[in-house]
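Undergrad: The file below is target_19.cif, mmCIF, N, CA and C atoms and all ligand atoms:
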data_model
loop_
_atom_site.label_atom_id
_atom_site.label_comp_id
_atom_site.auth_asym_id
_atom_site.auth_seq_id
_atom_site.Cartn_x
_atom_site.Cartn_y
_atom_site.Cartn_z
N MET L 95 -22.71 99.41 -74.73
CA MET L 95 -21.33 99.23 -74.29
C MET L 95 -20.46 100.39 -74.76
N ASP L 96 -19.35 100.56 -74.11
CA ASP L 96 -18.43 101.65 -74.41
C ASP L 96 -17.54 101.26 -75.59
N SER L 97 -17.86 101.74 -76.79
CA SER L 97 -17.15 101.29 -77.99
C SER L 97 -15.69 101.72 -78.00
N GLU L 98 -15.36 102.86 -77.41
CA GLU L 98 -13.97 103.30 -77.36
C GLU L 98 -13.13 102.38 -76.49
N ARG L 99 -13.69 101.93 -75.41
CA ARG L 99 -12.96 101.10 -74.45
C ARG L 99 -12.89 99.65 -74.92
N ILE L 100 -13.97 99.18 -75.58
CA ILE L 100 -14.08 97.76 -75.93
C ILE L 100 -13.65 97.49 -77.36
N GLY L 101 -13.83 98.43 -78.23
CA GLY L 101 -13.45 98.24 -79.63
C GLY L 101 -14.48 97.43 -80.40
N LEU L 102 -14.01 96.55 -81.29
CA LEU L 102 -14.90 95.77 -82.17
C LEU L 102 -15.98 95.02 -81.41
N CYS L 103 -15.63 94.49 -80.26
CA CYS L 103 -16.57 93.65 -79.50
C CYS L 103 -17.86 94.40 -79.17
N SER L 104 -17.82 95.70 -79.15
CA SER L 104 -19.01 96.47 -78.77
C SER L 104 -20.14 96.31 -79.79
N THR L 105 -19.78 95.86 -81.02
CA THR L 105 -20.82 95.65 -82.04
C THR L 105 -20.76 94.23 -82.60
N CYS L 106 -20.24 93.29 -81.81
CA CYS L 106 -20.08 91.91 -82.29
C CYS L 106 -21.14 91.00 -81.67
N GLN L 107 -21.68 90.11 -82.50
CA GLN L 107 -22.71 89.17 -82.02
C GLN L 107 -22.18 88.22 -80.96
N HIS L 108 -20.88 88.01 -80.92
CA HIS L 108 -20.32 87.05 -79.97
C HIS L 108 -20.09 87.66 -78.58
N ALA L 109 -20.20 88.96 -78.47
CA ALA L 109 -19.94 89.60 -77.19
C ALA L 109 -21.04 89.27 -76.18
N ARG L 110 -20.64 89.05 -74.94
CA ARG L 110 -21.59 88.75 -73.86
C ARG L 110 -21.33 89.70 -72.70
N ILE L 111 -22.40 90.24 -72.16
CA ILE L 111 -22.28 91.06 -70.96
C ILE L 111 -22.56 90.17 -69.76
N VAL L 112 -21.67 90.20 -68.80
CA VAL L 112 -21.81 89.38 -67.60
C VAL L 112 -22.16 90.29 -66.43
N LYS L 113 -23.28 89.96 -65.78
CA LYS L 113 -23.69 90.76 -64.62
C LYS L 113 -22.78 90.46 -63.45
N HIS L 114 -22.27 91.49 -62.82
CA HIS L 114 -21.42 91.29 -61.65
C HIS L 114 -22.27 90.70 -60.53
N PRO L 115 -21.79 89.61 -59.88
CA PRO L 115 -22.62 88.91 -58.89
C PRO L 115 -22.97 89.74 -57.67
N ARG L 116 -22.17 90.72 -57.34
CA ARG L 116 -22.45 91.49 -56.13
C ARG L 116 -22.79 92.94 -56.44
N GLY L 117 -23.34 93.15 -57.61
CA GLY L 117 -23.83 94.48 -57.94
C GLY L 117 -22.76 95.45 -58.41
N GLY L 118 -21.54 94.94 -58.65
CA GLY L 118 -20.48 95.80 -59.17
C GLY L 118 -20.69 96.08 -60.64
N LYS L 119 -19.67 96.62 -61.25
CA LYS L 119 -19.77 96.98 -62.66
C LYS L 119 -19.89 95.72 -63.52
N ASP L 120 -20.84 95.70 -64.45
CA ASP L 120 -20.96 94.59 -65.39
C ASP L 120 -19.69 94.49 -66.21
N TYR L 121 -19.35 93.27 -66.66
CA TYR L 121 -18.15 93.12 -67.46
C TYR L 121 -18.45 92.32 -68.71
N PHE L 122 -17.46 92.20 -69.54
CA PHE L 122 -17.63 91.69 -70.88
C PHE L 122 -16.83 90.39 -71.05
N ARG L 123 -17.35 89.47 -71.86
CA ARG L 123 -16.53 88.33 -72.27
C ARG L 123 -16.87 87.99 -73.72
N CYS L 124 -15.99 87.18 -74.34
CA CYS L 124 -16.18 86.78 -75.73
C CYS L 124 -16.88 85.42 -75.78
N GLY L 125 -18.08 85.37 -76.35
CA GLY L 125 -18.83 84.12 -76.46
C GLY L 125 -18.24 83.17 -77.49
N LYS L 126 -17.42 83.67 -78.40
CA LYS L 126 -16.78 82.82 -79.40
C LYS L 126 -15.88 81.78 -78.72
N HIS L 127 -15.36 82.15 -77.57
CA HIS L 127 -14.49 81.24 -76.80
C HIS L 127 -15.20 79.92 -76.49
N ASP L 128 -16.51 79.95 -76.31
CA ASP L 128 -17.26 78.74 -75.93
C ASP L 128 -17.21 77.67 -77.02
N GLU L 129 -17.12 78.09 -78.27
CA GLU L 129 -17.05 77.13 -79.38
C GLU L 129 -15.63 76.95 -79.90
N ASP L 130 -14.77 77.93 -79.66
CA ASP L 130 -13.38 77.84 -80.12
C ASP L 130 -12.47 78.47 -79.08
N PRO L 131 -11.83 77.62 -78.24
CA PRO L 131 -10.99 78.14 -77.16
C PRO L 131 -9.77 78.94 -77.65
N ALA L 132 -9.51 78.92 -78.96
CA ALA L 132 -8.41 79.73 -79.48
C ALA L 132 -8.68 81.21 -79.26
N TYR L 133 -9.95 81.55 -79.12
CA TYR L 133 -10.31 82.94 -78.85
C TYR L 133 -10.37 83.14 -77.35
N PRO L 134 -9.65 84.12 -76.83
CA PRO L 134 -9.62 84.30 -75.37
C PRO L 134 -11.00 84.70 -74.83
N LYS L 135 -11.31 84.14 -73.68
CA LYS L 135 -12.59 84.45 -73.04
C LYS L 135 -12.67 85.93 -72.68
N TYR L 136 -11.54 86.45 -72.24
CA TYR L 136 -11.47 87.88 -71.88
C TYR L 136 -10.35 88.52 -72.70
N PRO L 137 -10.63 88.91 -73.94
CA PRO L 137 -9.58 89.47 -74.79
C PRO L 137 -9.12 90.83 -74.26
N PRO L 138 -7.83 91.13 -74.49
CA PRO L 138 -7.34 92.46 -74.10
C PRO L 138 -8.12 93.52 -74.87
N LEU L 139 -8.58 94.53 -74.17
CA LEU L 139 -9.40 95.57 -74.78
C LEU L 139 -8.58 96.84 -74.97
N PRO L 140 -8.87 97.64 -75.98
CA PRO L 140 -9.91 97.40 -76.98
C PRO L 140 -9.44 96.43 -78.06
N VAL L 141 -10.38 95.63 -78.59
CA VAL L 141 -10.08 94.74 -79.71
C VAL L 141 -10.22 95.55 -81.00
N ARG L 142 -9.15 95.58 -81.79
CA ARG L 142 -9.15 96.35 -83.05
C ARG L 142 -9.23 95.43 -84.27
N VAL L 143 -8.73 94.22 -84.14
CA VAL L 143 -8.73 93.25 -85.24
C VAL L 143 -9.17 91.91 -84.69
N CYS L 144 -10.16 91.26 -85.33
CA CYS L 144 -10.59 89.95 -84.88
C CYS L 144 -11.21 89.21 -86.05
N GLU L 145 -10.69 88.02 -86.35
CA GLU L 145 -11.18 87.25 -87.50
C GLU L 145 -12.60 86.75 -87.29
N ALA L 146 -13.02 86.62 -86.05
CA ALA L 146 -14.35 86.08 -85.77
C ALA L 146 -15.41 87.18 -85.61
N TYR L 147 -14.99 88.41 -85.80
CA TYR L 147 -15.94 89.51 -85.63
C TYR L 147 -17.15 89.33 -86.54
N THR L 148 -18.33 89.42 -85.98
CA THR L 148 -19.59 89.32 -86.73
C THR L 148 -20.47 90.47 -86.26
N GLN L 149 -20.73 91.38 -87.12
CA GLN L 149 -21.47 92.57 -86.72
C GLN L 149 -22.90 92.23 -86.31
N THR L 150 -23.34 92.85 -85.24
CA THR L 150 -24.72 92.65 -84.78
C THR L 150 -25.70 93.21 -85.81
N GLN L 151 -26.86 92.57 -85.87
CA GLN L 151 -27.91 93.05 -86.76
C GLN L 151 -28.66 94.18 -86.06
N GLU L 152 -29.04 95.19 -86.84
CA GLU L 152 -29.81 96.30 -86.27
C GLU L 152 -31.24 95.89 -86.02
S1 LIG L 201 -15.38 87.35 -81.63
FE1 LIG L 201 -13.77 88.95 -81.57
S2 LIG L 201 -14.85 90.89 -81.88
FE2 LIG L 201 -16.37 89.32 -81.32
S3 LIG L 201 -16.62 89.47 -79.11
FE3 LIG L 201 -15.06 87.92 -79.50
S4 LIG L 201 -13.10 89.03 -79.44
FE4 LIG L 201 -14.74 90.53 -79.67
#
Once you've parsed the file, please lay out its structure as structure tokens.
Ligand code: SF4

TA:
Amino acid sequence: MDSERIGLCSTCQHARIVKHPRGGKDYFRCGKHDEDPAYPKYPPLPVRVCEAYTQTQE
């Protein structure tokens, strides 16, 4: 993912890539929203601060 454009979400375990249904550009959503609706499904990008940020494991 494009870390400059997306910010923290580019390295967060909660980030989900959604395949565009008609072959367009793939897009991003926040999987944390599924368990806590307080987190927006499509947060304004780039995300610079997020309490739920969990870094992906290498
Ligand atoms: S929890 Fe925060 S940093 Fe992680 S994907 Fe959602 S908005 Fe981005």

Undergrad: If you take only C-alpha atoms and all ligand atoms and a cut-off of 8 Å, which residues of chain L touch ligand LIG 201 (chain L), and what are their nearest atom pairs and distances in Å to one decimal, in chain and number order, as JSON lines?

TA:
{"residue": "L:Gly101", "atom": "CA", "partner": "L:LIG201", "partner_atom": "S2", "distance": 7.8}
{"residue": "L:Leu102", "atom": "CA", "partner": "L:LIG201", "partner_atom": "S2", "distance": 4.9}
{"residue": "L:Cys103", "atom": "CA", "partner": "L:LIG201", "partner_atom": "FE4", "distance": 3.6}
{"residue": "L:Ser104", "atom": "CA", "partner": "L:LIG201", "partner_atom": "FE4", "distance": 7.4}
{"residue": "L:Thr105", "atom": "CA", "partner": "L:LIG201", "partner_atom": "S2", "distance": 7.6}
{"residue": "L:Cys106", "atom": "CA", "partner": "L:LIG201", "partner_atom": "FE2", "distance": 4.6}
{"residue": "L:Gln107", "atom": "CA", "partner": "L:LIG201", "partner_atom": "FE2", "distance": 6.4}
{"residue": "L:His108", "atom": "CA", "partner": "L:LIG201", "partner_atom": "S3", "distance": 4.5}
{"residue": "L:Ala109", "atom": "CA", "partner": "L:LIG201", "partner_atom": "S3", "distance": 3.8}
{"residue": "L:Arg110", "atom": "CA", "partner": "L:LIG201", "partner_atom": "S3", "distance": 7.3}
{"residue": "L:Arg123", "atom": "CA", "partner": "L:LIG201", "partner_atom": "S3", "distance": 6.9}
{"residue": "L:Cys124", "atom": "CA", "partner": "L:LIG201", "partner_atom": "FE3", "distance": 4.1}
{"residue": "L:Gly125", "atom": "CA", "partner": "L:LIG201", "partner_atom": "FE3", "distance": 6.2}
{"residue": "L:Lys126", "atom": "CA", "partner": "L:LIG201", "partner_atom": "S1", "distance": 5.2}
{"residue": "L:His127", "atom": "CA", "partner": "L:LIG201", "partner_atom": "FE3", "distance": 7.2}
{"residue": "L:Tyr133", "atom": "CA", "partner": "L:LIG201", "partner_atom": "S4", "distance": 6.7}
{"residue": "L:Pro134", "atom": "CA", "partner": "L:LIG201", "partner_atom": "S4", "distance": 7.1}
{"residue": "L:Lys135", "atom": "CA", "partner": "L:LIG201", "partner_atom": "FE3", "distance": 7.7}
{"residue": "L:Tyr136", "atom": "CA", "partner": "L:LIG201", "partner_atom": "S4", "distance": 7.8}
{"residue": "L:Pro137", "atom": "CA", "partner": "L:LIG201", "partner_atom": "S4", "distance": 5.8}
{"residue": "L:Val141", "atom": "CA", "partner": "L:LIG201", "partner_atom": "FE4", "distance": 6.3}
{"residue": "L:Arg142", "atom": "CA", "partner": "L:LIG201", "partner_atom": "S2", "distance": 8.0}
{"residue": "L:Val143", "atom": "CA", "partner": "L:LIG201", "partner_atom": "S2", "distance": 7.4}
{"residue": "L:Cys144", "atom": "CA", "partner": "L:LIG201", "partner_atom": "FE1", "distance": 4.7}
{"residue": "L:Glu145", "atom": "CA", "partner": "L:LIG201", "partner_atom": "FE1", "distance": 6.7}
{"residue": "L:Ala146", "atom": "CA", "partner": "L:LIG201", "partner_atom": "S1", "distance": 4.5}
{"residue": "L:Tyr147", "atom": "CA", "partner": "L:LIG201", "partner_atom": "S2", "distance": 4.1}
{"residue": "L:Thr148", "atom": "CA", "partner": "L:LIG201", "partner_atom": "FE2", "distance": 6.3}

Undergrad: Could those residues be written to a file, using N, CA and C atoms, as a PDB file, in the coordinates of the input?

TA:
ATOM      1  N   GLY L 101     -13.830  98.430 -78.230  1.00  0.00           N
ATOM      2  CA  GLY L 101     -13.450  98.240 -79.630  1.00  0.00           C
ATOM      3  C   GLY L 101     -14.480  97.430 -80.400  1.00  0.00           C
ATOM      4  N   LEU L 102     -14.010  96.550 -81.290  1.00  0.00           N
ATOM      5  CA  LEU L 102     -14.900  95.770 -82.170  1.00  0.00           C
ATOM      6  C   LEU L 102     -15.980  95.020 -81.410  1.00  0.00           C
ATOM      7  N   CYS L 103     -15.630  94.490 -80.260  1.00  0.00           N
ATOM      8  CA  CYS L 103     -16.570  93.650 -79.500  1.00  0.00           C
ATOM      9  C   CYS L 103     -17.860  94.400 -79.170  1.00  0.00           C
ATOM     10  N   SER L 104     -17.820  95.700 -79.150  1.00  0.00           N
ATOM     11  CA  SER L 104     -19.010  96.470 -78.770  1.00  0.00           C
ATOM     12  C   SER L 104     -20.140  96.310 -79.790  1.00  0.00           C
ATOM     13  N   THR L 105     -19.780  95.860 -81.020  1.00  0.00           N
ATOM     14  CA  THR L 105     -20.820  95.650 -82.040  1.00  0.00           C
ATOM     15  C   THR L 105     -20.760  94.230 -82.600  1.00  0.00           C
ATOM     16  N   CYS L 106     -20.240  93.290 -81.810  1.00  0.00           N
ATOM     17  CA  CYS L 106     -20.080  91.910 -82.290  1.00  0.00           C
ATOM     18  C   CYS L 106     -21.140  91.000 -81.670  1.00  0.00           C
ATOM     19  N   GLN L 107     -21.680  90.110 -82.500  1.00  0.00           N
ATOM     20  CA  GLN L 107     -22.710  89.170 -82.020  1.00  0.00           C
ATOM     21  C   GLN L 107     -22.180  88.220 -80.960  1.00  0.00           C
ATOM     22  N   HIS L 108     -20.880  88.010 -80.920  1.00  0.00           N
ATOM     23  CA  HIS L 108     -20.320  87.050 -79.970  1.00  0.00           C
ATOM     24  C   HIS L 108     -20.090  87.660 -78.580  1.00  0.00           C
ATOM     25  N   ALA L 109     -20.200  88.960 -78.470  1.00  0.00           N
ATOM     26  CA  ALA L 109     -19.940  89.600 -77.190  1.00  0.00           C
ATOM     27  C   ALA L 109     -21.040  89.270 -76.180  1.00  0.00           C
ATOM     28  N   ARG L 110     -20.640  89.050 -74.940  1.00  0.00           N
ATOM     29  CA  ARG L 110     -21.590  88.750 -73.860  1.00  0.00           C
ATOM     30  C   ARG L 110     -21.330  89.700 -72.700  1.00  0.00           C
ATOM     31  N   ARG L 123     -17.350  89.470 -71.860  1.00  0.00           N
ATOM     32  CA  ARG L 123     -16.530  88.330 -72.270  1.00  0.00           C
ATOM     33  C   ARG L 123     -16.870  87.990 -73.720  1.00  0.00           C
ATOM     34  N   CYS L 124     -15.990  87.180 -74.340  1.00  0.00           N
ATOM     35  CA  CYS L 124     -16.180  86.780 -75.730  1.00  0.00           C
ATOM     36  C   CYS L 124     -16.880  85.420 -75.780  1.00  0.00           C
ATOM     37  N   GLY L 125     -18.080  85.370 -76.350  1.00  0.00           N
ATOM     38  CA  GLY L 125     -18.830  84.120 -76.460  1.00  0.00           C
ATOM     39  C   GLY L 125     -18.240  83.170 -77.490  1.00  0.00           C
ATOM     40  N   LYS L 126     -17.420  83.670 -78.400  1.00  0.00           N
ATOM     41  CA  LYS L 126     -16.780  82.820 -79.400  1.00  0.00           C
ATOM     42  C   LYS L 126     -15.880  81.780 -78.720  1.00  0.00           C
ATOM     43  N   HIS L 127     -15.360  82.150 -77.570  1.00  0.00           N
ATOM     44  CA  HIS L 127     -14.490  81.240 -76.800  1.00  0.00           C
ATOM     45  C   HIS L 127     -15.200  79.920 -76.490  1.00  0.00           C
ATOM     46  N   TYR L 133      -9.950  81.550 -79.120  1.00  0.00           N
ATOM     47  CA  TYR L 133     -10.310  82.940 -78.850  1.00  0.00           C
ATOM     48  C   TYR L 133     -10.370  83.140 -77.350  1.00  0.00           C
ATOM     49  N   PRO L 134      -9.650  84.120 -76.830  1.00  0.00           N
ATOM     50  CA  PRO L 134      -9.620  84.300 -75.370  1.00  0.00           C
ATOM     51  C   PRO L 134     -11.000  84.700 -74.830  1.00  0.00           C
ATOM     52  N   LYS L 135     -11.310  84.140 -73.680  1.00  0.00           N
ATOM     53  CA  LYS L 135     -12.590  84.450 -73.040  1.00  0.00           C
ATOM     54  C   LYS L 135     -12.670  85.930 -72.680  1.00  0.00           C
ATOM     55  N   TYR L 136     -11.540  86.450 -72.240  1.00  0.00           N
ATOM     56  CA  TYR L 136     -11.470  87.880 -71.880  1.00  0.00           C
ATOM     57  C   TYR L 136     -10.350  88.520 -72.700  1.00  0.00           C
ATOM     58  N   PRO L 137     -10.630  88.910 -73.940  1.00  0.00           N
ATOM     59  CA  PRO L 137      -9.580  89.470 -74.790  1.00  0.00           C
ATOM     60  C   PRO L 137      -9.120  90.830 -74.260  1.00  0.00           C
ATOM     61  N   VAL L 141     -10.380  95.630 -78.590  1.00  0.00           N
ATOM     62  CA  VAL L 141     -10.080  94.740 -79.710  1.00  0.00           C
ATOM     63  C   VAL L 141     -10.220  95.550 -81.000  1.00  0.00           C
ATOM     64  N   ARG L 142      -9.150  95.580 -81.790  1.00  0.00           N
ATOM     65  CA  ARG L 142      -9.150  96.350 -83.050  1.00  0.00           C
ATOM     66  C   ARG L 142      -9.230  95.430 -84.270  1.00  0.00           C
ATOM     67  N   VAL L 143      -8.730  94.220 -84.140  1.00  0.00           N
ATOM     68  CA  VAL L 143      -8.730  93.250 -85.240  1.00  0.00           C
ATOM     69  C   VAL L 143      -9.170  91.910 -84.690  1.00  0.00           C
ATOM     70  N   CYS L 144     -10.160  91.260 -85.330  1.00  0.00           N
ATOM     71  CA  CYS L 144     -10.590  89.950 -84.880  1.00  0.00           C
ATOM     72  C   CYS L 144     -11.210  89.210 -86.050  1.00  0.00           C
ATOM     73  N   GLU L 145     -10.690  88.020 -86.350  1.00  0.00           N
ATOM     74  CA  GLU L 145     -11.180  87.250 -87.500  1.00  0.00           C
ATOM     75  C   GLU L 145     -12.600  86.750 -87.290  1.00  0.00           C
ATOM     76  N   ALA L 146     -13.020  86.620 -86.050  1.00  0.00           N
ATOM     77  CA  ALA L 146     -14.350  86.080 -85.770  1.00  0.00           C
ATOM     78  C   ALA L 146     -15.410  87.180 -85.610  1.00  0.00           C
ATOM     79  N   TYR L 147     -14.990  88.410 -85.800  1.00  0.00           N
ATOM     80  CA  TYR L 147     -15.940  89.510 -85.630  1.00  0.00           C
ATOM     81  C   TYR L 147     -17.150  89.330 -86.540  1.00  0.00           C
ATOM     82  N   THR L 148     -18.330  89.420 -85.980  1.00  0.00           N
ATOM     83  CA  THR L 148     -19.590  89.320 -86.730  1.00  0.00           C
ATOM     84  C   THR L 148     -20.470  90.470 -86.260  1.00  0.00           C
TER      85      THR L 148
END

Undergrad: Using Å and a single decimal, report how far atom C of His114 in chain L sits from atom N of Leu139 in chain L.

TA: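 For atom N of Leu139 in chain L relative to atom C of His114 in chain L, the distance reads 19.7 Å.
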
Undergrad: Pick out each residue of chain L that DSSP on the backbone tags as helix (DSSP H, G or I); I need them as a list in words.

TA: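 Across chain L, those assigned helix (DSSP H, G or I) are Ser97, Glu98, Arg99, Ile100, Leu102, Cys103, Ser104, Thr105, Gly125, Lys126, His127 and Asp128 of chain L.
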
Undergrad: Please compute the atom N of Arg99 in chain L-atom C of Pro138 in chain L distance, one decimal, in Å.

TA: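 Going from atom N of Arg99 in chain L over to atom C of Pro138 in chain L covers 10.1 Å.
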
Undergrad: Pick from L:Asp128, L:Pro115, L:Asp120, L:Pro140: nearest to Glu98 in chain L, with only N, CA and C atoms counted?

TA: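 Answer, going by the shortest atom-to-atom distance: L:Pro140.
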
Undergrad: Just list the residues in chain L DSSP gives strand (DSSP E or B) on the backbone, as a PyMOL selection string.

TA: chain L and resi 101+106+109-112+121-124+141+149
